[in-house]
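target37.txt follows (compact mmCIF, C-alpha atoms):
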# COMPACT_ATOMS: atom_id res chain seq x y z
CA GLY A 1 61.74 100.35 87.85
CA VAL A 2 60.44 102.39 84.91
CA GLU A 3 61.32 102.07 81.22
CA PRO A 4 63.54 105.02 80.06
CA GLY A 5 61.00 106.14 77.45
CA ALA A 6 58.30 106.40 80.08
CA ILE A 7 60.03 109.26 81.91
CA ALA A 8 59.39 112.67 80.41
CA PRO A 9 62.04 115.37 81.05
CA LYS A 10 59.63 117.39 83.18
CA ASP A 11 58.91 114.32 85.32
CA PHE A 12 62.54 113.56 86.25
CA ALA A 13 62.45 115.57 89.49
CA GLU A 14 59.29 113.70 90.49
CA LEU A 15 61.41 110.57 90.93
CA PHE A 16 62.74 112.20 94.09
CA HIS A 17 59.52 113.75 95.39
CA TYR A 18 59.96 111.87 98.65
CA ASP A 19 63.05 113.98 99.39
CA ARG A 20 61.83 117.51 98.69
CA GLU A 21 64.23 119.24 101.11
CA ALA A 22 67.28 117.51 99.65
CA LEU A 23 66.06 118.29 96.15
CA ALA A 24 65.69 122.00 96.96
CA ALA A 25 69.15 122.15 98.57
CA SER A 26 70.71 120.39 95.58
CA ALA A 27 69.21 122.97 93.21
CA VAL A 28 71.21 125.71 94.93
CA VAL A 29 74.45 123.73 94.63
CA THR A 30 73.71 122.79 91.01
CA ASN A 31 73.04 126.42 90.04
CA GLN A 32 76.36 127.40 91.63
CA MET A 33 78.11 124.64 89.67
CA ILE A 34 76.52 125.88 86.43
CA ALA A 35 77.80 129.39 87.14
CA GLU A 36 81.30 128.43 88.31
CA GLY A 37 82.04 125.18 86.44
CA GLY A 38 83.07 121.74 87.60
CA SER A 39 80.57 119.14 88.77
CA CYS A 40 78.63 118.32 91.92
CA GLU A 41 77.16 115.29 93.65
CA HIS A 42 73.83 114.84 95.41
CA LYS A 43 72.22 112.02 97.34
CA PHE A 44 68.48 111.40 97.31
CA HIS A 45 65.94 108.88 98.53
CA PHE A 46 63.33 107.78 96.01
CA ARG A 47 60.60 105.21 95.59
CA ARG A 48 60.76 102.74 92.73
CA ALA A 49 57.72 101.84 90.66
CA ASP A 50 57.46 98.60 92.67
CA GLY A 51 57.27 100.56 95.92
CA GLN A 52 60.85 100.00 97.16
CA MET A 53 62.60 102.95 98.80
CA ARG A 54 66.12 103.33 97.42
CA THR A 55 69.08 105.71 97.75
CA ALA A 56 70.67 107.30 94.70
CA LYS A 57 73.84 109.29 94.15
CA VAL A 58 73.60 111.72 91.26
CA THR A 59 76.65 113.36 89.69
CA VAL A 60 75.72 116.50 87.76
CA ALA A 61 77.84 118.41 85.24
CA ALA A 62 77.24 120.98 82.51
CA GLN A 63 78.04 120.75 78.82
CA ARG A 64 79.41 124.16 77.84
CA ARG A 65 79.60 126.13 74.63
CA ASP A 66 82.85 127.61 73.35
CA THR A 67 81.97 130.81 75.20
CA GLY A 68 81.93 128.94 78.50
CA GLU A 69 78.19 129.33 78.87
CA ALA A 70 76.31 126.22 79.98
CA ALA A 71 74.37 124.71 77.09
CA PHE A 72 72.69 122.01 79.18
CA THR A 73 73.25 119.92 82.29
CA TYR A 74 73.37 116.15 82.55
CA GLY A 75 73.47 113.73 85.44
CA VAL A 76 74.69 110.21 86.10
CA LEU A 77 72.50 108.36 88.58
CA GLN A 78 73.89 105.49 90.63
CA ASP A 79 71.81 103.34 92.98
CA VAL A 80 73.93 103.13 96.16
CA THR A 81 71.33 101.52 98.42
CA ASP A 82 73.15 98.22 98.87
CA HIS A 83 76.43 99.99 99.59
CA GLU A 84 74.74 102.26 102.17
CA VAL A 85 73.10 99.29 103.89
CA ALA A 86 76.38 97.35 103.97
CA GLN A 87 78.26 100.34 105.40
CA LYS A 88 75.63 100.84 108.10
CA ARG A 89 75.74 97.18 109.08
CA LEU A 90 79.53 97.37 109.25
CA ALA A 91 79.40 100.51 111.39
CA ASP A 92 76.83 98.98 113.74
CA SER A 93 78.88 95.80 114.02
CA GLU A 94 82.03 97.83 114.63
CA ALA A 95 80.36 99.84 117.41
CA GLN A 96 79.03 96.70 119.05
CA TYR A 97 82.37 94.92 118.78
CA ARG A 98 84.36 97.83 120.19
CA GLY A 99 81.94 98.03 123.10
CA LEU A 100 82.65 94.38 123.91
CA ALA A 101 86.39 94.83 123.37
CA GLU A 102 86.50 97.69 125.89
CA HIS A 103 85.51 95.19 128.61
CA SER A 104 87.57 92.20 127.47
CA THR A 105 90.25 90.95 129.86
CA ASP A 106 92.23 89.50 126.94
CA PRO A 107 93.96 92.17 124.83
CA ILE A 108 92.31 92.77 121.46
CA ILE A 109 94.23 94.48 118.66
CA ILE A 110 92.93 95.39 115.20
CA TYR A 111 95.40 96.16 112.41
CA GLY A 112 95.36 96.54 108.65
CA ILE A 113 96.94 94.24 106.10
CA ASP A 114 99.89 96.65 106.19
CA GLY A 115 100.42 95.76 109.86
CA VAL A 116 99.49 99.23 111.15
CA ILE A 117 97.48 99.10 114.38
CA ARG A 118 94.05 100.74 114.20
CA PHE A 119 92.59 99.79 117.57
CA ALA A 120 93.79 98.34 120.87
CA SER A 121 91.59 97.47 123.84
CA PRO A 122 92.34 98.92 127.31
CA SER A 123 93.58 95.54 128.60
CA VAL A 124 96.62 95.80 126.30
CA LYS A 125 98.24 98.09 128.88
CA HIS A 126 98.66 95.17 131.27
CA THR A 127 100.42 93.22 128.52
CA VAL A 128 102.90 95.71 127.08
CA GLY A 129 102.70 98.60 129.54
CA LEU A 130 101.51 101.14 126.95
CA GLU A 131 98.25 103.02 126.65
CA PRO A 132 96.03 101.77 123.78
CA GLU A 133 96.13 105.15 122.02
CA ASP A 134 99.95 105.02 122.03
CA LEU A 135 99.87 101.82 119.98
CA VAL A 136 97.52 103.10 117.28
CA GLY A 137 99.48 104.02 114.16
CA GLY A 138 102.45 101.80 115.03
CA LEU A 139 103.32 98.42 113.53
CA ILE A 140 102.07 95.26 115.19
CA THR A 141 105.52 93.69 114.70
CA GLU A 142 107.04 96.34 116.98
CA LEU A 143 105.40 94.57 119.93
CA VAL A 144 106.98 91.21 119.12
CA HIS A 145 110.46 89.93 119.98
CA PRO A 146 112.63 90.41 116.83
CA GLU A 147 113.52 86.70 116.66
CA ASP A 148 109.84 85.76 116.39
CA VAL A 149 108.87 88.35 113.76
CA PRO A 150 109.95 86.52 110.53
CA ALA A 151 107.86 83.41 111.26
CA LEU A 152 104.79 85.48 112.11
CA VAL A 153 105.16 87.69 109.02
CA ALA A 154 105.47 84.62 106.79
CA GLN A 155 102.34 83.08 108.34
CA PHE A 156 100.45 86.37 107.99
CA GLN A 157 101.39 86.77 104.33
CA ALA A 158 100.34 83.18 103.57
CA PHE A 159 97.01 83.85 105.32
CA LEU A 160 96.40 86.91 103.11
CA ARG A 161 97.44 85.14 99.92
CA ASP A 162 95.06 82.27 100.62
CA GLY A 163 92.21 84.69 101.36
CA THR A 164 89.64 81.94 102.04
CA GLN A 165 90.10 81.50 105.78
CA ASP A 166 88.18 83.64 108.25
CA SER A 167 90.33 82.78 111.25
CA ILE A 168 93.70 81.40 112.21
CA THR A 169 95.85 80.99 115.32
CA TRP A 170 99.28 82.58 115.06
CA LYS A 171 102.36 80.69 116.12
CA PRO A 172 103.33 81.43 119.76
CA TYR A 173 105.55 84.48 120.09
CA ARG A 174 107.28 86.50 122.77
CA CYS A 175 106.61 90.06 123.91
CA PRO A 176 108.35 92.04 126.65
CA SER A 177 106.10 92.69 129.64
CA PRO A 178 105.98 96.07 131.47
CA THR A 179 108.63 94.69 133.85
CA GLY A 180 110.93 93.74 130.97
CA GLU A 181 110.27 90.01 131.31
CA LEU A 182 109.77 88.11 128.06
CA ARG A 183 106.43 86.33 128.09
CA TRP A 184 104.86 83.96 125.58
CA TYR A 185 101.61 84.78 123.83
CA GLU A 186 99.20 83.14 121.43
CA ALA A 187 96.75 85.11 119.32
CA SER A 188 93.50 84.01 117.69
CA CYS A 189 93.10 86.03 114.51
CA ALA A 190 89.80 86.83 112.77
CA ALA A 191 89.64 88.33 109.29
CA ARG A 192 87.58 91.47 108.75
CA ARG A 193 86.39 91.83 105.16
CA ASP A 194 85.20 94.59 102.89
CA PRO A 195 81.39 94.15 102.68
CA GLN A 196 81.41 94.84 98.93
CA THR A 197 84.44 92.91 97.68
CA GLY A 198 84.82 90.28 100.39
CA ARG A 199 88.56 90.97 100.51
CA ILE A 200 90.39 90.99 103.84
CA VAL A 201 91.03 94.61 104.83
CA GLU A 202 92.10 94.16 108.43
CA VAL A 203 92.41 91.52 111.13
CA GLN A 204 91.65 91.38 114.82
CA ASP A 205 93.83 89.49 117.26
CA THR A 206 92.62 88.26 120.62
CA VAL A 207 95.79 87.69 122.62
CA ARG A 208 96.32 85.26 125.48
CA ASP A 209 99.32 84.83 127.76
CA ILE A 210 100.53 81.19 127.54
CA THR A 211 103.81 81.59 129.44
CA GLU A 212 102.80 79.05 132.08
CA ARG A 213 102.25 76.44 129.36
CA LYS A 214 105.79 76.98 128.10

Just give me the structure as structure tokens.
Amino acid sequence: GVEPGAIAPKDFAELFHYDREALAASAVVTNQMIAEGGSCEHKFHFRRADGQMRTAKVTVAAQRRDTGEAAFTYGVLQDVTDHEVAQKRLADSEAQYRGLAEHSTDPIIIYGIDGVIRFASPSVKHTVGLEPEDLVGGLITELVHPEDVPALVAQFQAFLRDGTQDSITWKPYRCPSPTGELRWYEASCAARRDPQTGRIVEVQDTVRDITERK
């Protein structure tokens, strides 16, 4: 919030005077970088000229002479406030959602666009007979009857290509129950998007047994 010419070199550190402890700690790391080479990153909180508190990431490096001695240091400052806020909101939402999922009677499964399972609620054990942690890292298609996989994969790929929908209901599919019986399921899918790009990064399925309707 200040014109570049209005900041004197000696005043630069004053931009971060609201984060004195972080500034002191960064000086130690920066001095080590100057002595050993490479670059380093720091994060500070600062107040703009208009009174806003912001968060900045500063990447510091040294320009060296032919002898290897540091001639001067320079830094690239990036305002990461919006990114930090978005990440915190996402983390808070994730924590709240997982808390609800832990108590859901319908199985809830979260997986990436690569089909790899990242989360499964406890109720999934009653559906497939496996502990939730045993599913994480496996492919979602491994839970589905092989004959039903191609249609679901095609629908999933079309959903990702379109990219505008936030939810969809997958075509009914079969899964083996813990007793070995094939049962029919229907899943309501919700897209989970990157807060910065808006792109779908994973999906969450809420699964319901519809065998009696078949």

Give me the stretch 112-139 of chain A side of the contact with stretch 154-159 of chain A, cut-off 12 Å, one line per residue showing its nearest atom pair and distance in Å at one decimal, counting only C-alpha atoms, sorted by chain and residue number, as a tab-separated table.
residue	atom	partner	partner_atom	distance
A:Gly112	CA	A:Phe156	CA	11.4
A:Ile113	CA	A:Phe156	CA	8.8
A:Asp114	CA	A:Gln157	CA	10.2
A:Gly115	CA	A:Phe156	CA	9.6

Could you write those residues out with C-alpha atoms, as a JSON list (two decimals), in the frame of the given file?
[["chain", "number", "residue", "atom", "x", "y", "z"],
["A", 112, "GLY", "CA", 95.36, 96.54, 108.65],
["A", 113, "ILE", "CA", 96.94, 94.24, 106.10],
["A", 114, "ASP", "CA", 99.89, 96.65, 106.19],
["A", 115, "GLY", "CA", 100.42, 95.76, 109.86]]

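For the pair atom CA of A:Tyr111 and atom CA of A:Asp209, the separation is 19.5 Å.
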
**Complete:** re atom CA of A:Val128 and atom CA of A:Gln204: distance 17.2 Å

**Request:** Considering all atoms listed in the file, return as a ChimeraX atom specification whatever protein or nucleic-acid residues lie within 10 Å of A:Asp205, sequence-local ones (same chain, fewer than 6 positions apart) excluded.
**Result:** /A:106-111,120,167-170,186-191

**Close residues, stretch 75-90 of chain A itself excluded, 7 Å, all atoms listed in the file, min 4 positions apart in chain, as a list in words** =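 Selected residues are Arg54, Thr55, Ala56, Lys57, Val58, Thr59, Val60, Ala61, Glu94 and Pro195 of chain A.
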
**Request:** List the residues sitting within 12 Å of (109.2, 91.4, 128.5) in the file's frame, using only C-alpha atoms, as number ranges by chain.
**Result:** A: 126-129, 143-145, 173-185, 209, 211

**Request:** Compile the contact shell of A:Met33 as a list in words: residues with an atom at most 12 Å away, counting only C-alpha atoms, same-chain residues fewer than 4 positions apart removed.
**Result:** Ser26, Ala27, Val28, Val29, Gly37, Gly38, Ser39, Cys40, Glu41, Thr59, Val60, Ala61, Ala62, Gln63, Arg64, Glu69, Ala70 and Thr73 of chain A

Suppose we keep C-alpha atoms; can you now write the selection as a tab-separated table (two decimals), keeping the file's coordinate frame?
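Listing of part-v7.tsv after writing:
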chain	number	residue	atom	x	y	z
A	26	SER	CA	70.71	120.39	95.58
A	27	ALA	CA	69.21	122.97	93.21
A	28	VAL	CA	71.21	125.71	94.93
A	29	VAL	CA	74.45	123.73	94.63
A	37	GLY	CA	82.04	125.18	86.44
A	38	GLY	CA	83.07	121.74	87.60
A	39	SER	CA	80.57	119.14	88.77
A	40	CYS	CA	78.63	118.32	91.92
A	41	GLU	CA	77.16	115.29	93.65
A	59	THR	CA	76.65	113.36	89.69
A	60	VAL	CA	75.72	116.50	87.76
A	61	ALA	CA	77.84	118.41	85.24
A	62	ALA	CA	77.24	120.98	82.51
A	63	GLN	CA	78.04	120.75	78.82
A	64	ARG	CA	79.41	124.16	77.84
A	69	GLU	CA	78.19	129.33	78.87
A	70	ALA	CA	76.31	126.22	79.98
A	73	THR	CA	73.25	119.92	82.29

**Request:** Identify which of the residues A:Asp166, A:Glu147, A:Asp134, A:Glu212 lies closest to A:Arg199, counting only C-alpha atoms when measuring atom-to-atom distances.
**Result:** A:Asp166
